[in-house]
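**Q** This one is run-v4.cif, mmCIF, C-alpha atoms.
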```cif
data_coords
loop_
_atom_site.label_atom_id
_atom_site.label_comp_id
_atom_site.auth_asym_id
_atom_site.auth_seq_id
_atom_site.Cartn_x
_atom_site.Cartn_y
_atom_site.Cartn_z
CA MET A 1 21.74 102.43 71.39
CA ALA A 2 18.29 103.96 71.24
CA GLN A 3 15.94 102.28 68.81
CA GLY A 4 15.78 104.11 65.54
CA ALA A 5 19.01 106.08 66.13
CA PRO A 6 21.30 106.27 63.09
CA ALA A 7 24.25 103.92 63.06
CA PRO A 8 27.54 105.66 63.76
CA ALA A 9 29.82 106.15 60.79
CA GLN A 10 32.52 103.52 60.50
CA LEU A 11 35.97 104.92 61.10
CA PRO A 12 38.16 103.78 58.21
CA LEU A 13 41.45 102.08 58.96
CA GLU A 14 44.00 104.04 56.95
CA LEU A 15 46.20 101.62 55.02
CA PRO A 16 48.01 103.77 52.46
CA LEU A 17 48.92 102.12 49.18
CA ALA A 18 52.43 103.01 48.10
CA PRO A 19 52.70 104.01 44.43
CA ARG A 20 54.09 101.23 42.24
CA PHE A 21 56.80 102.40 39.87
CA GLY A 22 57.30 99.35 37.64
CA ARG A 23 57.12 99.59 33.84
CA GLU A 24 53.92 97.50 33.91
CA ASP A 25 52.33 100.14 36.17
CA PHE A 26 53.10 103.05 33.83
CA LEU A 27 50.13 104.11 31.73
CA ALA A 28 51.25 105.48 28.37
CA SER A 29 49.41 108.26 26.59
CA PRO A 30 50.17 110.98 24.01
CA SER A 31 51.17 113.32 26.84
CA ASN A 32 54.08 111.11 27.96
CA ALA A 33 54.88 109.15 24.79
CA ALA A 34 58.08 111.03 23.92
CA ALA A 35 59.47 110.79 27.45
CA LEU A 36 58.66 107.08 27.73
CA ALA A 37 60.25 106.38 24.35
CA MET A 38 63.43 108.16 25.42
CA VAL A 39 63.67 106.11 28.61
CA GLU A 40 63.01 102.86 26.75
CA ASN A 41 65.52 103.76 24.03
CA TRP A 42 68.36 103.95 26.55
CA PRO A 43 71.30 103.78 25.94
CA ASP A 44 70.63 105.06 22.41
CA TRP A 45 70.47 108.68 23.53
CA PRO A 46 71.58 111.90 21.82
CA ASP A 47 73.75 112.65 24.88
CA ARG A 48 74.75 110.88 28.09
CA ILE A 49 73.04 113.57 30.19
CA LEU A 50 69.34 114.30 29.66
CA THR A 51 66.73 116.35 31.50
CA LEU A 52 63.11 115.28 31.86
CA ILE A 53 60.82 118.31 32.14
CA GLY A 54 57.18 118.17 33.21
CA PRO A 55 54.61 119.68 35.57
CA ALA A 56 54.03 118.41 39.10
CA GLY A 57 52.33 115.04 39.23
CA SER A 58 52.96 114.21 35.56
CA GLY A 59 54.87 110.96 36.22
CA LYS A 60 58.50 112.13 36.19
CA SER A 61 59.46 110.12 39.27
CA HIS A 62 57.86 107.02 37.76
CA LEU A 63 59.87 107.43 34.55
CA LEU A 64 63.06 107.89 36.56
CA ALA A 65 62.29 104.67 38.42
CA ILE A 66 61.81 102.84 35.11
CA PHE A 67 65.10 104.26 33.86
CA ALA A 68 66.88 103.20 37.07
CA ALA A 69 65.52 99.65 36.76
CA ARG A 70 66.60 99.38 33.12
CA SER A 71 70.04 100.95 33.52
CA GLY A 72 71.02 99.97 37.04
CA ALA A 73 71.16 103.67 37.87
CA LEU A 74 71.98 105.07 41.27
CA ALA A 75 68.83 106.89 42.45
CA ALA A 76 69.48 110.30 43.98
CA ASP A 77 67.29 113.13 45.23
CA ALA A 78 68.42 116.60 44.21
CA ALA A 79 67.87 117.79 47.78
CA SER A 80 70.51 115.37 49.08
CA LEU A 81 73.05 114.45 46.41
CA PRO A 82 75.81 111.84 46.93
CA THR A 83 79.35 113.02 47.49
CA LEU A 84 82.13 112.40 45.00
CA ALA A 85 83.52 109.77 47.35
CA ALA A 86 80.16 107.99 47.43
CA LEU A 87 79.90 108.13 43.64
CA ALA A 88 83.42 106.74 43.23
CA ALA A 89 82.65 103.92 45.66
CA ALA A 90 79.36 103.02 43.95
CA ALA A 91 80.77 103.34 40.40
CA PRO A 92 77.26 103.42 38.93
CA PRO A 93 76.65 102.92 35.19
CA ALA A 94 73.96 105.61 35.39
CA ILE A 95 72.46 108.13 37.82
CA ALA A 96 68.83 109.20 38.16
CA VAL A 97 68.47 112.61 39.82
CA ASP A 98 64.92 113.42 40.88
CA GLY A 99 63.63 116.92 41.56
CA LEU A 100 66.12 119.56 40.42
CA ASP A 101 63.60 122.08 41.74
CA ARG A 102 64.62 120.93 45.25
CA LEU A 103 68.34 121.41 44.61
CA ARG A 104 70.17 122.74 47.67
CA ASP A 105 73.83 122.31 46.79
CA GLU A 106 74.73 123.53 43.29
CA THR A 107 78.37 122.55 43.76
CA ALA A 108 77.36 118.95 44.52
CA LEU A 109 75.34 118.75 41.30
CA PHE A 110 78.19 120.28 39.30
CA HIS A 111 80.60 117.68 40.71
CA LEU A 112 78.10 114.89 39.95
CA LEU A 113 77.78 115.99 36.33
CA ASN A 114 81.55 116.31 35.97
CA PHE A 115 81.91 112.81 37.42
CA ALA A 116 79.40 111.55 34.85
CA VAL A 117 81.27 113.16 31.96
CA GLU A 118 84.65 111.91 33.16
CA HIS A 119 83.47 108.34 33.76
CA ARG A 120 81.01 108.18 30.83
CA VAL A 121 78.04 107.69 33.12
CA PHE A 122 74.48 108.22 31.89
CA VAL A 123 72.40 110.76 33.84
CA LEU A 124 68.66 111.41 33.72
CA MET A 125 67.47 114.41 35.73
CA SER A 126 63.91 115.61 36.35
CA ALA A 127 62.59 119.12 36.89
CA ARG A 128 59.36 121.05 36.54
CA ARG A 129 60.98 123.55 34.18
CA GLN A 130 64.30 124.32 32.56
CA ALA A 131 66.97 126.01 34.66
CA THR A 132 67.27 129.79 34.52
CA ALA A 133 69.99 132.22 35.55
CA GLU A 134 67.73 133.46 38.35
CA GLU A 135 67.56 129.98 39.85
CA VAL A 136 71.09 128.66 39.24
CA ARG A 137 73.89 130.89 40.48
CA LEU A 138 76.89 128.83 39.36
CA PRO A 139 77.52 129.85 35.74
CA ASP A 140 79.35 126.61 34.90
CA LEU A 141 76.49 124.53 36.28
CA LEU A 142 73.90 126.58 34.41
CA SER A 143 75.88 126.13 31.19
CA ARG A 144 76.06 122.36 31.67
CA LEU A 145 72.35 122.11 32.46
CA ARG A 146 71.47 124.14 29.38
CA ARG A 147 73.61 121.88 27.18
CA ALA A 148 71.72 118.77 28.27
CA PRO A 149 69.02 117.73 25.78
CA VAL A 150 65.48 118.03 27.14
CA VAL A 151 62.56 115.65 26.77
CA GLU A 152 59.18 116.95 27.89
CA ILE A 153 56.22 115.23 29.49
CA GLY A 154 52.89 117.03 29.43
CA ALA A 155 50.15 117.20 32.00
CA PRO A 156 47.96 114.06 31.92
CA ASP A 157 45.23 114.29 29.27
CA ASP A 158 41.61 113.18 29.73
CA GLU A 159 42.35 109.69 28.40
CA LEU A 160 45.24 109.18 30.79
CA MET A 161 43.37 110.59 33.80
CA ARG A 162 40.50 108.17 33.24
CA ALA A 163 42.88 105.21 32.84
CA VAL A 164 44.78 106.19 35.99
CA LEU A 165 41.58 106.55 38.01
CA GLU A 166 40.32 103.16 36.79
CA LYS A 167 43.59 101.52 37.81
CA LEU A 168 43.63 103.18 41.23
CA PHE A 169 40.05 102.11 41.88
CA ARG A 170 40.91 98.53 40.88
CA ASP A 171 43.95 98.54 43.15
CA ARG A 172 41.69 99.41 46.09
CA GLN A 173 38.96 96.98 44.93
CA LEU A 174 36.64 99.97 44.91
CA LEU A 175 33.47 99.65 42.83
CA VAL A 176 32.67 102.92 41.12
CA GLU A 177 29.64 103.68 38.98
CA PRO A 178 30.63 104.72 35.42
CA PRO A 179 28.94 108.16 35.72
CA ALA A 180 31.08 108.87 38.80
CA LEU A 181 34.28 107.91 37.00
CA GLY A 182 33.49 110.11 34.02
CA TYR A 183 32.50 113.04 36.24
CA VAL A 184 35.76 112.93 38.19
CA ALA A 185 38.03 112.33 35.20
CA LEU A 186 36.83 115.55 33.56
CA ARG A 187 37.07 117.74 36.67
CA LEU A 188 40.00 116.54 38.75
CA GLU A 189 43.29 118.44 38.59
CA ARG A 190 45.49 117.07 35.80
CA SER A 191 48.00 115.41 38.10
CA LEU A 192 48.73 111.76 38.85
CA ASP A 193 49.40 112.63 42.49
CA ALA A 194 46.05 114.42 42.66
CA ALA A 195 44.39 111.27 41.29
CA ARG A 196 46.05 109.10 43.96
CA ALA A 197 45.10 111.47 46.76
CA PHE A 198 41.53 111.84 45.52
CA VAL A 199 40.95 108.09 45.21
CA ALA A 200 42.29 107.58 48.74
CA ALA A 201 39.94 110.27 50.06
CA LEU A 202 36.98 108.81 48.16
CA ASP A 203 37.74 105.30 49.39
CA SER A 204 37.93 106.56 52.98
CA GLU A 205 34.65 108.46 52.67
CA ALA A 206 32.81 105.54 51.06
CA LEU A 207 34.00 103.21 53.80
CA ALA A 208 33.07 105.67 56.55
CA ARG A 209 29.55 106.06 55.13
CA GLN A 210 29.29 102.38 54.18
CA ARG A 211 27.91 103.24 50.75
CA PRO A 212 28.95 102.65 47.14
CA VAL A 213 30.75 105.28 45.13
CA THR A 214 28.06 107.15 43.26
CA ARG A 215 28.36 110.30 41.18
CA ALA A 216 26.85 112.28 44.06
CA LEU A 217 29.42 111.00 46.57
CA ALA A 218 32.28 111.57 44.13
CA ALA A 219 31.08 115.14 43.58
CA GLN A 220 30.97 115.80 47.32
CA VAL A 221 34.48 114.49 47.87
CA LEU A 222 35.77 116.33 44.82
CA GLU A 223 34.32 119.61 46.08
CA ALA A 224 36.08 119.18 49.44
CA PHE A 225 39.25 118.01 47.73
CA ALA A 226 39.54 120.87 45.22
CA GLY A 227 42.39 123.29 45.61
CA GLU A 228 44.92 121.00 47.31
CA PRO A 229 48.32 121.27 45.57
CA ALA A 230 49.94 118.32 43.86
CA GLU A 231 53.51 117.22 44.46
CA ASP A 232 56.11 115.57 42.28
#
```
Can the structure from this file be put into structure tokens for me?
**A**
Amino acid sequence: MAQGAPAPAQLPLELPLAPRFGREDFLASPSNAAALAMVENWPDWPDRILTLIGPAGSGKSHLLAIFAARSGALAADAASLPTLAALAAAAPPAIAVDGLDRLRDETALFHLLNFAVEHRVFVLMSARRQATAEEVRLPDLLSRLRRAPVVEIGAPDDELMRAVLEKLFRDRQLLVEPPALGYVALRLERSLDAARAFVAALDSEALARQRPVTRALAAQVLEAFAGEPAED
């Protein structure tokens, strides 16, 4: 290497950290207090079938995981629901259905809910919004979904976003200057998934540049990161 030439940037080794969905990893705030209380109050529910409503990246999947751990629920994705035969074989005490927005087979969901009613099984479902007639074509299914009590979770507030960012930075053993943390917490999209993706991008950039996380670096990464959609 020629004398005085800049050192090449270090290529970061991508080691993704899987989200942890334990109760101890859930950060409570006013925006999710009602939903968390409902999950923790199980089985003292107003109905055996409930729907958890909240925007993308608000922590719905995490709450479903907490519910599944507490109740022994069978975890199911709305895009690929278990058959009646599979439900009968599993005989679950509860079912957690994630992502009604991804529902592909309305008949399968209708059968699942009928199974739950017949066998007195608890069901917690998650969705970004309540079902409408434009989205659900089976009238009987729409009626059953509308009868299910709803508990809402709001978008993460400033307090929760800061707490989530602090935890994610600690998980990655990433030292961040307080001004950088405050700058990001106020400007990042109000989504827990956005926070995870941003911290991963910031960690990668800091490692590549071999420099600490300053407000200036956080601002640069945030500018490049802006506009990317969050997921459930």
**Q** Identify, on the basis of all atoms listed in the file, every residue whose closest approach to Ala216 (chain A) does not exceed 9 Å; exclude the query and any residue fewer than 4 positions from it along the same chain; express the result as a ChimeraX atom specification.
**A** /A:180,220-221
**Q** Can you measure CA of Ser29 (chain A) to CA of Ser191 (chain A) for me? One decimal in Å is fine.
**A** 13.6 Å
**Q** Counting all atoms listed in the file, give me one row per residue of region 143-183 of chain A with an atom at most 10 Å from an atom of region 35-43 of chain A, showing the shortest contact pair and its distance in Å to one decimal, sorted by chain then residue number, as a tab-separated table.
**A**
```
residue	atom	partner	partner_atom	distance
A:Val150	CA	A:Ala35	CA	9.4
A:Val151	CA	A:Ala35	CA	5.8
A:Glu152	CA	A:Ala35	CA	6.2
A:Ile153	CA	A:Ala35	CA	5.9
A:Gly154	CA	A:Ala35	CA	9.3
```
**Q** Record the distance separating CA of Ala108 (chain A) and CA of Glu134 (chain A), expressed in Å with one decimal.
**A**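 These atoms are spaced 18.5 Å apart.
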**Q** Separation of CA of Arg172 (chain A) and CA of Ala195 (chain A), in Å?
**A**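 These atoms are spaced 13.1 Å apart.
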